[in-house]
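**Q** If it helps, the file is called input-v8.txt and holds compact mmCIF, C-alpha atoms:
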```
# COMPACT_ATOMS: atom_id res chain seq x y z
CA MET A 1 17.69 13.83 -67.89
CA ASN A 2 20.93 15.35 -69.15
CA CYS A 3 24.20 15.86 -67.28
CA LEU A 4 23.37 19.38 -66.14
CA GLU A 5 20.01 18.29 -64.77
CA PHE A 6 21.66 15.29 -63.11
CA ARG A 7 24.32 17.42 -61.41
CA ARG A 8 21.70 19.90 -60.25
CA HIS A 9 19.65 17.10 -58.81
CA LEU A 10 22.76 15.54 -57.30
CA GLY A 11 23.52 18.79 -55.52
CA SER A 12 20.00 18.92 -54.13
CA GLU A 13 19.29 15.30 -53.34
CA PRO A 14 22.32 13.03 -53.65
CA GLY A 15 20.39 10.01 -52.40
CA SER A 16 17.56 10.46 -54.87
CA GLN A 17 15.84 7.31 -56.07
CA ARG A 18 14.13 8.92 -59.04
CA LYS A 19 14.16 6.58 -62.04
CA GLU A 20 15.52 9.13 -64.55
CA PHE A 21 18.24 10.10 -62.06
CA ILE A 22 19.36 6.50 -61.60
CA ALA A 23 19.08 5.80 -65.34
CA HIS A 24 21.33 8.76 -66.24
CA ARG A 25 23.92 7.80 -63.63
CA GLU A 26 24.12 4.28 -65.00
CA ALA A 27 24.49 5.58 -68.53
CA CYS A 28 27.03 8.39 -67.84
CA PRO A 29 30.47 7.54 -66.43
CA GLY A 30 31.24 11.20 -65.61
CA CYS A 31 28.04 11.62 -63.62
CA SER A 32 28.53 8.22 -61.98
CA ALA A 33 31.94 9.42 -60.75
CA ALA A 34 30.36 12.68 -59.59
CA GLN A 35 27.86 10.61 -57.60
CA LEU A 36 30.71 8.74 -55.90
CA ARG A 37 32.39 12.03 -54.94
CA ALA A 38 29.06 13.39 -53.76
CA ASP A 39 28.47 10.29 -51.64
CA ALA A 40 31.90 10.67 -50.03
CA PHE A 41 31.13 14.30 -49.25
CA GLU A 42 27.72 13.37 -47.81
CA SER A 43 29.37 10.82 -45.58
CA ARG A 44 31.83 13.41 -44.25
CA LEU A 45 29.02 15.92 -43.84
CA LEU A 46 26.94 13.43 -41.91
CA ASN A 47 29.84 12.72 -39.57
CA ALA A 48 30.37 16.42 -39.05
CA LEU A 49 26.72 17.01 -38.24
CA ARG A 50 26.57 14.12 -35.79
CA VAL A 51 27.69 16.10 -32.80
CA GLN A 52 27.86 14.17 -29.61
CA ALA A 53 24.73 14.35 -27.54
CA PRO A 54 25.08 14.90 -23.78
CA THR A 55 25.53 11.76 -21.75
CA ASN A 56 22.28 10.37 -20.35
CA LEU A 57 20.23 12.87 -22.35
CA ALA A 58 17.27 10.48 -22.55
CA ASP A 59 17.40 9.78 -18.80
CA ARG A 60 17.48 13.49 -18.04
CA ILE A 61 14.45 14.08 -20.22
CA LEU A 62 12.57 11.21 -18.59
CA LEU A 63 13.47 12.54 -15.17
CA ALA A 64 12.20 15.99 -16.13
CA GLN A 65 9.02 14.43 -17.46
CA THR A 66 8.29 12.39 -14.33
CA THR A 67 9.10 15.42 -12.15
CA GLU A 68 6.74 17.57 -14.18
CA MET A 69 4.13 14.86 -14.08
CA ARG A 70 4.30 14.71 -10.28
CA SER A 71 4.22 18.47 -9.86
CA GLY A 72 1.47 18.58 -12.49
CA ASP A 73 -0.49 16.04 -10.47
CA ARG A 74 0.07 18.08 -7.34
CA TYR A 75 -0.99 21.22 -9.18
CA ARG A 76 -4.01 19.46 -10.66
CA ARG A 77 -4.96 18.05 -7.27
CA ARG A 78 -4.59 21.46 -5.65
CA ARG A 79 -6.47 23.06 -8.53
CA PHE A 80 -9.18 20.43 -8.30
CA ALA A 81 -9.47 21.00 -4.56
CA MET A 82 -9.64 24.75 -5.08
CA LEU A 83 -12.23 24.35 -7.83
CA THR A 84 -14.24 21.99 -5.66
CA LEU A 85 -14.13 24.48 -2.81
CA ALA A 86 -15.03 27.32 -5.14
CA ALA A 87 -17.88 25.30 -6.63
CA ALA A 88 -19.15 24.35 -3.17
CA ALA A 89 -18.95 27.98 -2.06
CA SER A 90 -20.77 29.11 -5.20
CA ILE A 91 -23.48 26.52 -4.68
CA LEU A 92 -23.81 27.55 -1.05
CA ILE A 93 -24.06 31.22 -1.99
CA ALA A 94 -26.55 30.40 -4.74
CA VAL A 95 -28.63 28.24 -2.40
CA VAL A 96 -28.59 30.93 0.27
CA ALA A 97 -29.45 33.60 -2.29
CA VAL A 98 -32.23 31.55 -3.83
CA ASN A 99 -33.58 30.29 -0.55
CA ARG A 100 -33.20 33.51 1.36
CA TYR A 101 -36.77 34.39 0.65
CA ASP A 102 -37.97 30.82 0.38
CA GLN A 103 -37.93 30.63 4.16
CA PRO A 104 -41.34 30.27 5.72
CA VAL A 105 -42.56 33.38 7.46
CA PRO A 106 -41.21 33.24 11.01
CA PRO A 107 -43.86 33.01 13.73
CA LEU A 108 -43.22 36.49 15.03
CA SER A 109 -43.58 38.06 11.61
CA ALA A 110 -46.58 35.85 10.86
CA MET A 111 -48.26 37.33 13.86
CA VAL A 112 -47.31 40.84 12.77
CA ILE A 113 -48.65 40.22 9.26
CA GLU A 114 -51.84 38.88 10.73
CA HIS A 115 -52.09 42.07 12.74
CA LEU A 116 -51.42 44.23 9.68
CA GLN A 117 -54.35 42.63 7.87
CA GLU A 118 -56.59 44.14 10.49
CA HIS A 119 -54.60 47.26 11.24
CA VAL A 120 -54.34 49.00 7.90
CA VAL A 121 -52.84 52.45 8.07
CA HIS A 122 -54.73 54.97 5.98
CA ALA A 123 -52.97 57.62 3.96
CA ASP A 124 -54.75 60.19 6.14
CA ASP A 125 -53.08 58.72 9.21
CA LEU A 126 -49.61 59.40 7.86
CA ALA A 127 -47.96 62.61 8.95
CA ALA A 128 -45.13 64.10 6.87
CA SER A 129 -42.75 63.28 9.67
CA LEU A 130 -43.80 62.77 13.24
CA PRO A 131 -42.18 64.73 16.05
CA PRO A 132 -39.56 62.51 17.71
CA GLU A 133 -41.29 62.92 21.03
CA ARG A 134 -44.35 61.01 19.73
CA VAL A 135 -42.19 58.09 18.78
CA MET A 136 -40.22 58.20 22.03
CA GLU A 137 -43.47 58.29 23.94
CA ALA A 138 -44.79 55.21 22.17
CA PHE A 139 -41.62 53.32 22.96
CA ALA A 140 -41.57 54.60 26.53
CA GLU A 141 -45.06 53.24 27.03
CA ARG A 142 -43.68 49.88 25.98
CA GLY A 143 -40.91 50.29 28.54
CA VAL A 144 -38.15 51.15 26.07
CA LYS A 145 -36.25 54.38 26.29
CA LEU A 146 -34.94 55.60 22.94
CA GLY A 147 -31.70 57.53 22.70
CA SER A 148 -32.83 59.18 19.48
CA VAL A 149 -35.46 58.73 16.78
CA PRO A 150 -34.60 57.89 13.18
CA ALA A 151 -35.79 60.43 10.67
CA GLY A 152 -38.81 59.69 8.51
CA VAL A 153 -41.27 58.01 10.85
CA ASP A 154 -44.69 58.95 9.49
CA TYR A 155 -46.83 56.85 11.75
CA VAL A 156 -46.49 55.33 15.19
CA HIS A 157 -48.87 53.32 17.34
CA LYS A 158 -48.62 50.87 20.20
CA CYS A 159 -50.19 47.66 19.01
CA PRO A 160 -50.62 44.22 20.43
CA ALA A 161 -49.85 41.53 17.91
CA GLY A 162 -51.10 38.35 19.43
CA PRO A 163 -49.27 37.99 22.72
CA TYR A 164 -46.51 40.39 21.63
CA ARG A 165 -46.17 43.98 22.70
CA THR A 166 -45.19 46.04 19.70
CA VAL A 167 -44.67 49.55 18.42
CA HIS A 168 -46.10 49.80 14.94
CA MET A 169 -44.53 52.42 12.63
CA VAL A 170 -44.52 53.37 8.97
CA MET A 171 -41.44 54.75 7.26
CA PRO A 172 -41.93 55.86 3.65
CA GLU A 173 -39.33 54.92 1.07
CA ALA A 174 -39.11 55.44 -2.69
CA GLU A 175 -40.51 51.98 -3.51
CA GLY A 176 -43.41 52.41 -1.07
CA PRO A 177 -44.04 52.55 2.67
CA ILE A 178 -42.13 50.17 4.91
CA THR A 179 -43.98 48.90 7.92
CA VAL A 180 -41.58 48.78 10.85
CA VAL A 181 -42.79 46.96 13.93
CA TYR A 182 -40.67 46.80 17.04
CA VAL A 183 -41.54 43.74 19.11
CA VAL A 184 -40.40 44.67 22.55
CA ASP A 185 -39.12 41.59 24.24
CA THR A 186 -38.98 38.75 21.75
CA PRO A 187 -35.82 37.92 19.77
CA PRO A 188 -36.19 36.98 16.08
CA ALA A 189 -35.95 33.51 14.64
CA PRO A 190 -32.61 32.77 12.95
CA GLY A 191 -32.36 33.45 9.21
CA SER A 192 -35.38 35.67 9.26
CA SER A 193 -35.80 37.04 5.73
CA PHE A 194 -38.99 36.00 4.05
CA ARG A 195 -41.53 36.78 1.41
CA SER A 196 -45.17 37.23 2.07
CA GLY A 197 -47.05 37.53 -1.17
CA LYS A 198 -45.45 40.37 -3.11
CA ASP A 199 -43.89 41.85 -0.02
CA PHE A 200 -40.45 41.37 1.41
CA GLY A 201 -39.95 40.90 5.09
CA ARG A 202 -37.09 40.70 7.55
CA GLU A 203 -36.71 40.23 11.28
CA VAL A 204 -33.66 41.75 12.93
CA ARG A 205 -32.55 41.40 16.50
CA MET A 206 -32.67 44.76 18.20
CA GLY A 207 -31.72 44.97 21.89
CA GLN A 208 -33.79 42.33 23.63
CA GLY A 209 -36.49 42.54 21.03
CA SER A 210 -36.96 42.34 17.29
CA LEU A 211 -37.47 44.80 14.50
CA VAL A 212 -39.82 43.43 11.85
CA MET A 213 -39.74 45.22 8.50
CA ILE A 214 -42.24 44.53 5.76
CA GLY A 215 -42.50 46.37 2.48
CA PRO A 216 -42.55 46.19 -1.33
CA SER A 217 -38.71 46.19 -1.46
CA ASP A 218 -35.94 45.08 0.85
CA ARG A 219 -33.53 47.69 -0.49
CA HIS A 220 -33.77 49.91 2.60
CA PHE A 221 -33.98 47.21 5.25
CA GLU A 222 -30.29 47.46 6.11
CA SER A 223 -30.31 51.25 6.52
CA ILE A 224 -33.58 51.22 8.47
CA ALA A 225 -32.24 48.54 10.79
CA ALA A 226 -29.01 50.50 11.24
CA SER A 227 -30.88 53.69 12.08
CA TRP A 228 -33.01 51.87 14.67
CA ARG A 229 -29.97 50.17 16.12
CA ASP A 230 -28.49 53.62 16.68
CA ALA A 231 -31.74 54.90 18.10
CA LEU A 232 -32.13 52.05 20.52
CA GLY A 233 -28.51 52.04 21.56
CA ASN A 234 -28.34 50.13 24.79
CA ALA A 235 -32.03 50.55 25.42
CA VAL A 236 -33.46 47.61 27.23
CA ALA A 237 -37.07 46.79 27.75
CA GLU A 238 -37.88 47.57 31.31
CA ASN A 239 -40.63 45.03 31.48
CA GLN A 240 -39.98 41.39 31.02
CA ALA A 241 -41.52 39.65 28.10
CA LYS A 242 -44.69 37.78 28.56
CA GLN A 243 -44.17 34.07 28.50
CA ILE A 244 -45.47 32.64 25.28
CA PRO A 245 -47.65 29.64 25.92
CA GLU A 246 -46.19 26.39 24.58
CA SER A 247 -49.32 25.84 22.54
CA LEU A 248 -48.70 29.08 20.66
CA THR A 249 -46.30 27.57 18.16
CA GLY A 250 -49.15 25.53 16.78
CA GLU A 251 -51.40 28.54 16.67
CA LEU A 252 -48.77 30.50 14.79
CA LEU A 253 -48.46 27.80 12.17
CA ILE A 254 -52.20 28.00 11.61
CA LEU A 255 -51.96 31.77 11.30
CA GLN A 256 -49.17 31.41 8.82
CA SER A 257 -51.37 29.36 6.54
CA VAL A 258 -53.94 32.12 6.25
CA ILE A 259 -51.48 34.95 5.55
CA THR A 260 -52.48 37.01 2.56
CA PRO A 261 -50.35 39.60 0.77
CA TYR A 262 -49.88 42.70 2.81
CA ASP A 263 -51.50 45.70 1.22
CA ALA A 264 -50.18 48.91 2.65
CA ALA A 265 -52.81 50.87 0.76
CA GLY A 266 -55.70 48.93 2.19
CA SER A 267 -58.53 50.70 3.93
CA SER A 268 -59.80 48.57 6.78
CA ALA A 269 -59.19 49.88 10.26
CA CYS A 270 -57.65 48.10 13.21
CA THR A 271 -60.31 47.73 15.80
CA THR A 272 -57.97 46.15 18.27
CA CYS A 273 -55.66 49.15 18.30
CA ARG A 274 -58.08 51.97 18.08
CA MET B 1 12.95 -1.32 -33.03
CA LYS B 2 10.03 0.94 -33.79
CA PRO B 3 10.12 4.17 -31.84
CA VAL B 4 6.52 3.82 -30.81
CA ASN B 5 5.07 0.39 -30.34
CA ALA B 6 1.34 0.44 -30.86
CA ALA B 7 0.97 -2.60 -28.68
CA MET B 8 2.42 -0.82 -25.69
CA SER B 9 -0.27 -0.44 -23.16
CA SER B 10 1.32 2.18 -21.04
CA ARG B 11 1.51 5.76 -22.14
CA GLN B 12 4.68 6.09 -20.12
CA ASP B 13 6.31 3.19 -21.97
CA GLN B 14 5.34 4.76 -25.25
CA PHE B 15 6.90 8.03 -24.21
CA GLU B 16 10.06 6.38 -22.96
CA ALA B 17 10.50 4.62 -26.29
CA LEU B 18 10.02 7.92 -28.03
CA VAL B 19 12.67 9.62 -25.92
CA ARG B 20 15.19 6.81 -26.23
CA GLY B 21 14.62 6.50 -29.96
CA HIS B 22 14.76 10.16 -30.92
CA SER B 23 16.46 12.30 -28.29
CA THR B 24 19.93 12.11 -29.88
CA ASP B 25 18.75 13.02 -33.38
CA LEU B 26 16.60 15.77 -31.96
CA TYR B 27 19.49 17.14 -29.93
CA ARG B 28 21.70 17.27 -33.03
CA TYR B 29 19.01 19.03 -34.97
CA ALA B 30 18.51 21.50 -32.10
CA TYR B 31 22.22 22.06 -31.88
CA TRP B 32 22.47 23.03 -35.53
CA LEU B 33 19.40 25.18 -35.15
CA CYS B 34 20.66 27.27 -32.23
CA GLY B 35 24.40 26.58 -32.09
CA GLN B 36 24.56 26.18 -28.31
CA GLU B 37 24.84 22.90 -26.44
CA ALA B 38 22.97 23.97 -23.28
CA LEU B 39 20.23 25.67 -25.25
CA ALA B 40 19.92 22.68 -27.55
CA GLN B 41 19.51 20.43 -24.52
CA ASP B 42 16.81 22.70 -23.08
CA LEU B 43 15.05 22.77 -26.42
CA VAL B 44 15.02 18.98 -26.66
CA GLN B 45 13.75 18.65 -23.11
CA ASP B 46 10.99 21.20 -23.68
CA THR B 47 10.11 19.47 -26.93
CA PHE B 48 9.68 16.12 -25.24
CA LEU B 49 7.69 17.62 -22.38
CA ARG B 50 5.32 19.13 -24.90
CA ALA B 51 5.25 15.86 -26.77
CA TRP B 52 4.33 14.09 -23.53
CA ARG B 53 1.39 16.41 -22.97
CA ALA B 54 0.24 15.96 -26.56
CA LEU B 55 1.05 12.28 -26.87
CA ASP B 56 -2.59 11.28 -27.18
CA ARG B 57 -2.83 13.34 -30.34
CA LEU B 58 -0.08 11.34 -32.04
CA ARG B 59 -1.87 9.12 -34.52
CA GLU B 60 0.74 8.04 -37.08
CA VAL B 61 3.74 6.26 -35.66
CA SER B 62 5.59 6.75 -38.95
CA ALA B 63 5.27 10.50 -38.64
CA VAL B 64 6.67 10.72 -35.14
CA LYS B 65 10.02 12.18 -36.13
CA ALA B 66 8.46 14.93 -38.24
CA TRP B 67 6.04 15.59 -35.38
CA LEU B 68 8.87 16.01 -32.91
CA ILE B 69 10.82 18.24 -35.30
CA THR B 70 7.74 20.42 -35.72
CA ILE B 71 7.41 20.77 -31.95
CA LEU B 72 11.10 21.56 -31.62
CA ARG B 73 11.00 24.22 -34.31
CA ARG B 74 8.05 25.84 -32.57
CA GLU B 75 9.81 25.71 -29.23
CA HIS B 76 12.85 27.29 -30.82
CA ALA B 77 10.78 30.06 -32.39
CA ARG B 78 8.98 30.63 -29.09
CA LEU B 79 12.25 30.79 -27.21
CA PHE B 80 13.72 33.37 -29.51
CA GLU B 81 10.50 35.31 -29.52
CA ARG B 82 10.63 35.43 -25.72
CA LYS B 83 14.26 36.37 -25.51
CA SER B 84 14.11 38.67 -28.54
CA MET B 85 17.21 36.96 -29.77
CA ALA B 86 18.26 36.78 -33.37
CA SER B 87 18.05 33.14 -34.31
CA ASP B 88 20.10 33.38 -37.44
CA ASP B 89 23.44 34.33 -36.00
CA ILE B 90 24.90 31.07 -34.87
CA ASP B 91 27.96 31.82 -36.93
CA ASP B 92 28.60 34.62 -34.45
CA ILE B 93 28.76 32.06 -31.69
CA ASP B 94 32.12 30.44 -31.26
CA LEU B 95 31.08 26.88 -31.90
CA PRO B 96 33.17 24.43 -30.02
CA ASP B 97 33.85 21.23 -31.86
CA PRO B 98 32.27 18.60 -29.65
CA GLN B 99 34.13 15.82 -31.37
CA ALA B 100 37.48 17.51 -31.76
CA THR B 101 40.28 15.08 -31.02
CA PRO B 102 43.79 15.00 -32.45
CA GLU B 103 42.81 11.94 -34.47
CA ARG B 104 39.88 13.64 -36.12
CA SER B 105 40.55 15.23 -39.42
CA THR B 106 40.66 18.99 -39.53
CA GLU B 107 38.28 18.74 -42.48
CA GLU B 108 35.47 17.68 -40.16
CA SER B 109 36.06 20.72 -37.97
CA ARG B 110 36.19 22.93 -41.02
CA LEU B 111 32.94 21.38 -42.20
CA ARG B 112 31.31 22.20 -38.88
CA GLN B 113 32.54 25.76 -39.01
CA ALA B 114 31.30 26.05 -42.57
CA MET B 115 27.92 24.64 -41.53
CA ALA B 116 27.68 27.12 -38.68
CA SER B 117 28.42 29.99 -41.00
CA LEU B 118 25.65 29.05 -43.43
CA GLU B 119 22.53 31.15 -43.38
CA PRO B 120 19.68 29.36 -41.59
CA LYS B 121 17.66 29.13 -44.78
CA TYR B 122 20.42 26.94 -46.22
CA ARG B 123 21.51 25.21 -43.04
CA GLU B 124 18.13 24.06 -41.80
CA PRO B 125 16.96 22.10 -44.86
CA LEU B 126 20.42 20.56 -45.17
CA VAL B 127 20.36 19.35 -41.56
CA LEU B 128 16.86 17.99 -42.06
CA GLN B 129 17.98 16.11 -45.14
CA VAL B 130 21.36 14.81 -43.99
CA LEU B 131 20.62 14.18 -40.32
CA GLY B 132 16.88 13.64 -40.43
CA GLY B 133 16.76 11.71 -43.67
CA PHE B 134 13.76 13.68 -44.87
CA SER B 135 12.94 13.91 -48.56
CA CYS B 136 12.70 17.27 -50.33
CA SER B 137 8.89 17.15 -50.23
CA GLU B 138 8.92 16.38 -46.49
CA ILE B 139 11.33 19.24 -45.83
CA ALA B 140 9.16 21.51 -47.95
CA GLU B 141 6.16 20.57 -45.82
CA GLN B 142 8.10 21.02 -42.59
CA LEU B 143 9.40 24.45 -43.53
CA GLY B 144 6.26 25.58 -45.31
CA LEU B 145 8.07 26.08 -48.60
CA GLY B 146 7.66 24.80 -52.13
CA GLU B 147 9.61 21.70 -53.10
CA ALA B 148 11.48 23.55 -55.86
CA ALA B 149 12.57 26.23 -53.40
CA VAL B 150 13.84 23.59 -51.00
CA MET B 151 15.81 21.89 -53.79
CA THR B 152 17.39 25.19 -54.73
CA GLN B 153 18.32 25.89 -51.11
CA LEU B 154 19.83 22.45 -50.71
CA PHE B 155 21.85 22.81 -53.88
CA ARG B 156 23.14 26.23 -52.82
CA ALA B 157 23.89 25.01 -49.31
CA ARG B 158 26.18 22.29 -50.68
CA GLN B 159 27.67 24.68 -53.18
CA LYS B 160 28.54 27.14 -50.40
CA LEU B 161 29.94 24.43 -48.14
CA LYS B 162 32.12 23.06 -50.90
CA GLY B 163 33.16 26.56 -51.82
CA GLN B 164 34.35 27.19 -48.26
CA LEU B 165 36.18 23.90 -48.19
CA GLY B 166 37.76 24.50 -51.59
CA LEU B 167 35.99 21.55 -53.19
CA GLU B 168 34.90 21.49 -56.81
CA ASP B 169 31.60 22.96 -57.99
CA PRO B 170 29.65 20.17 -59.69
CA LEU B 171 28.04 22.55 -62.15
CA ALA B 172 31.34 24.14 -63.12
CA GLU B 173 32.57 20.67 -63.77
CA VAL B 174 29.61 20.10 -66.11
CA SER B 175 30.26 23.28 -68.01
CA GLU B 176 33.77 22.05 -68.68
CA LEU B 177 32.44 18.87 -70.25
```
Show me, as structure tokens, the structure contained in the file I just sent.
**A**
Amino acid sequence: MNCLEFRRHLGSEPGSQRKEFIAHREACPGCSAAQLRADAFESRLLNALRVQAPTNLADRILLAQTTEMRSGDRYRRRRFAMLTLAAAASILIAVVAVNRYDQPVPPLSAMVIEHLQEHVVHADDLAASLPPERVMEAFAERGVKLGSVPAGVDYVHKCPAGPYRTVHMVMPEAEGPITVVYVVDTPPAPGSSFRSGKDFGREVRMGQGSLVMIGPSDRHFESIAASWRDALGNAVAENQAKQIPESLTGELLILQSVITPYDAAGSSACTTCR
Amino acid sequence: MKPVNAAMSSRQDQFEALVRGHSTDLYRYAYWLCGQEALAQDLVQDTFLRAWRALDRLREVSAVKAWLITILRREHARLFERKSMASDDIDDIDLPDPQATPERSTEESRLRQAMASLEPKYREPLVLQVLGGFSCSEIAEQLGLGEAAVMTQLFRARQKLKGQLGLEDPLAEVSEL
């Protein structure tokens, strides 16, 4: 290392411990003096750079940290609670969605399905759209006065389904015909959506009775139910419901076990109804 | 006393030691980075809060100072990004002399003014070297520069400071030899 290299290095790193740097300094009185001047300058520079830090800076930082930690804990706790609630709600929704059709077929619908196995509506029986009077008449014979008749009823018949007095209808939809059975004076079981084989089913409270819908899709159940709700309005069954024998519950369970998929295109006739 | 004692069981104790051991140095560095006392204080506080959140990632106790400086530089960059402020104009700010007393030499004040007027590319490595005690290679790593470039910047920084203070140029002195 020569003097020029030493001075350059001195200007860059006055405290350098490089061997050649130290060796040159020890050998060169001029550069040794330059090092002393540089050290004095570095000392003054260090003092100038050491500005006074605010009083209690460390304490202020620690206070900010503990405050943040507490609010962070509060936030985390609140967030955890919200997430827990959200997770619980999601699970509930998922369970309801998954189990909606895992419900066993309610007794009323089981009886209706049992009836449908015998009472199969032929394609020939379906009219393009029945006159409303025919539908009103069927309901009137069951003691229910309709305010109006929903459009698209292709078939109507008064049927007994077990001990229940019903009006059996068919309403065609894009996915296939929906069997709509009004059970005059029996309310539905709670949570009454179900599957029966490939078919979807739903029981809806309607006046003092129930509307049972069964079909290849549940897409139109809401609109069908709404149209019948409008049609029935405040209609009330004039006759009181028959009392269902206590032993019937057991009978219904047996019926449920023999339910087979409903086939709307079947061909057997209903001897009971005809 | 080591800034971070590995034997300390509590994370809080570890953090407290970190704050007490480094907050002053970090404040000084922040001050020379931004030129404002209040902003420097905010920067240091934000730096330590980030350090607290990331404390579990600190593996090498010996590297704690460099780690904190890195966080502070990022905080500073983020702050100026947010505020769309020019970070290299601290010479435009009227720097008060925090240590100005009648007893203090005017040279120290002049040195501070000269420091403040330096371009950041000269000022920052000089502060890291003089205040932080970092070597040229460490500064190079910190600033993402080559070691030779850092040495050149340090040399020029001193040359400019001495020029402003009317002190001799070491190289000119050599050429006279």
**Q** For Pro177 of chain A, please output as a PyMOL selection string all residues within 8 Å (counting all atoms listed in the file; exclusion window: fewer than 5 positions along the same chain).
**A** chain A and resi 170-172+215-216+264
**Q** Return the neighbours of chain A among the residues of chain B, cut-off 9 Å, counting all atoms listed in the file, as a PyMOL selection string.
**A** chain B and resi 15-16+19-25+27-29+31-32+37+41+44-46+48-49+52+97-99+107-112+115+127+129-131+135-136+150-159+162+170-171+174-175
**Q** What is the distance between atom CA of Ser217 of chain A and atom CA of Glu173 of chain A, in Å to one decimal?
**A**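 Calculated distance between atom CA of Ser217 of chain A and atom CA of Glu173 of chain A is 9.1 Å.
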**Q** Expressed in Å to a single decimal, how great is the separation between atom CA of Glu147 of chain B and atom CA of Ser62 of chain B?
**A** 21.0 Å
**Q** Using only C-alpha atoms - which residues lie no farther than 8 Å from the point (-38.7, 57.9, 18.7) in the file's frame? Write them as an MDAnalysis selection string.
**A** chainID A and resid 132:139 146 148:150 231
**Q** Near segment 151-160 of chain A, within 6 Å and counting all atoms listed in the file, which residues show up once chain neighbours fewer than 2 positions away are dropped, as a PyMOL selection string?
**A** chain A and resi 126-130+162+164-171+273
**Q** In Å to one decimal, how far is atom CA of Asp56 of chain B from atom CA of Phe134 of chain B?
**A**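 Answer for the atom CA of Phe134 of chain B to atom CA of Asp56 of chain B separation: 24.2 Å.
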**Q** Show me, as an mmCIF file with C-alpha atoms, keeping the file's coordinate frame, the residues that have an atom within 12 Å of segment 143-145 of chain B when counting all atoms listed in the file, minus same-chain residues fewer than 3 positions from it.
**A**
```cif
data_model
loop_
_atom_site.group_PDB
_atom_site.id
_atom_site.type_symbol
_atom_site.label_atom_id
_atom_site.label_comp_id
_atom_site.auth_asym_id
_atom_site.auth_seq_id
_atom_site.Cartn_x
_atom_site.Cartn_y
_atom_site.Cartn_z
ATOM 1 C CA ALA B 66 8.460 14.930 -38.240
ATOM 2 C CA ILE B 69 10.820 18.240 -35.300
ATOM 3 C CA THR B 70 7.740 20.420 -35.720
ATOM 4 C CA ARG B 73 11.000 24.220 -34.310
ATOM 5 C CA ARG B 74 8.050 25.840 -32.570
ATOM 6 C CA PRO B 120 19.680 29.360 -41.590
ATOM 7 C CA LYS B 121 17.660 29.130 -44.780
ATOM 8 C CA TYR B 122 20.420 26.940 -46.220
ATOM 9 C CA GLU B 124 18.130 24.060 -41.800
ATOM 10 C CA PRO B 125 16.960 22.100 -44.860
ATOM 11 C CA LEU B 126 20.420 20.560 -45.170
ATOM 12 C CA LEU B 128 16.860 17.990 -42.060
ATOM 13 C CA PHE B 134 13.760 13.680 -44.870
ATOM 14 C CA CYS B 136 12.700 17.270 -50.330
ATOM 15 C CA SER B 137 8.890 17.150 -50.230
ATOM 16 C CA GLU B 138 8.920 16.380 -46.490
ATOM 17 C CA ILE B 139 11.330 19.240 -45.830
ATOM 18 C CA ALA B 140 9.160 21.510 -47.950
ATOM 19 C CA ALA B 148 11.480 23.550 -55.860
ATOM 20 C CA ALA B 149 12.570 26.230 -53.400
ATOM 21 C CA VAL B 150 13.840 23.590 -51.000
ATOM 22 C CA MET B 151 15.810 21.890 -53.790
ATOM 23 C CA THR B 152 17.390 25.190 -54.730
ATOM 24 C CA GLN B 153 18.320 25.890 -51.110
#
```
**Q** Within 9 Å of (-36.9, 40.1, 22.2), in the coordinates the file gives, what residues turn up when you count only C-alpha atoms, written out as a compact mmCIF listing (two decimals) with C-alpha atoms, keeping the file's coordinate frame?
**A**
```
# COMPACT_ATOMS: atom_id res chain seq x y z
CA VAL A 183 -41.54 43.74 19.11
CA VAL A 184 -40.40 44.67 22.55
CA ASP A 185 -39.12 41.59 24.24
CA THR A 186 -38.98 38.75 21.75
CA PRO A 187 -35.82 37.92 19.77
CA PRO A 188 -36.19 36.98 16.08
CA ARG A 205 -32.55 41.40 16.50
CA MET A 206 -32.67 44.76 18.20
CA GLY A 207 -31.72 44.97 21.89
CA GLN A 208 -33.79 42.33 23.63
CA GLY A 209 -36.49 42.54 21.03
CA SER A 210 -36.96 42.34 17.29
CA ALA A 237 -37.07 46.79 27.75
CA ALA A 241 -41.52 39.65 28.10
```
**Q** Counting all atoms listed in the file, which residue out of B:Gln113, B:Arg59, B:Cys34, B:Ala54 sits closest to Ile71 of chain B?
**A**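 Closest candidate: B:Ala54.
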**Q** Near His76 of chain B, within 9 Å and counting all atoms listed in the file, which residues show up once chain neighbours fewer than 6 positions away are dropped, as a list in words?
**A**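 Residues near the query, excluding close chain neighbours: Ala30, Leu33, Cys34, Leu43 and Ser87 of chain B.
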**Q** Can you tell me which residues surround Ile214 of chain A at a distance of at most 9 Å, considering only C-alpha atoms, apart from same-chain residues fewer than 5 positions away, and format the answer as a PyMOL selection string?
**A** chain A and resi 109+113+177-181+195-196+199-203+221+262
**Q** Go through B:Glu141, B:Ser117, B:Arg50, B:Val64 and flag the residue nearest Ala17 of chain B, using all atoms listed in the file for the distances.
**A**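 Among B:Glu141, B:Ser117, B:Arg50, B:Val64, it is B:Val64 that comes nearest to Ala17 of chain B.
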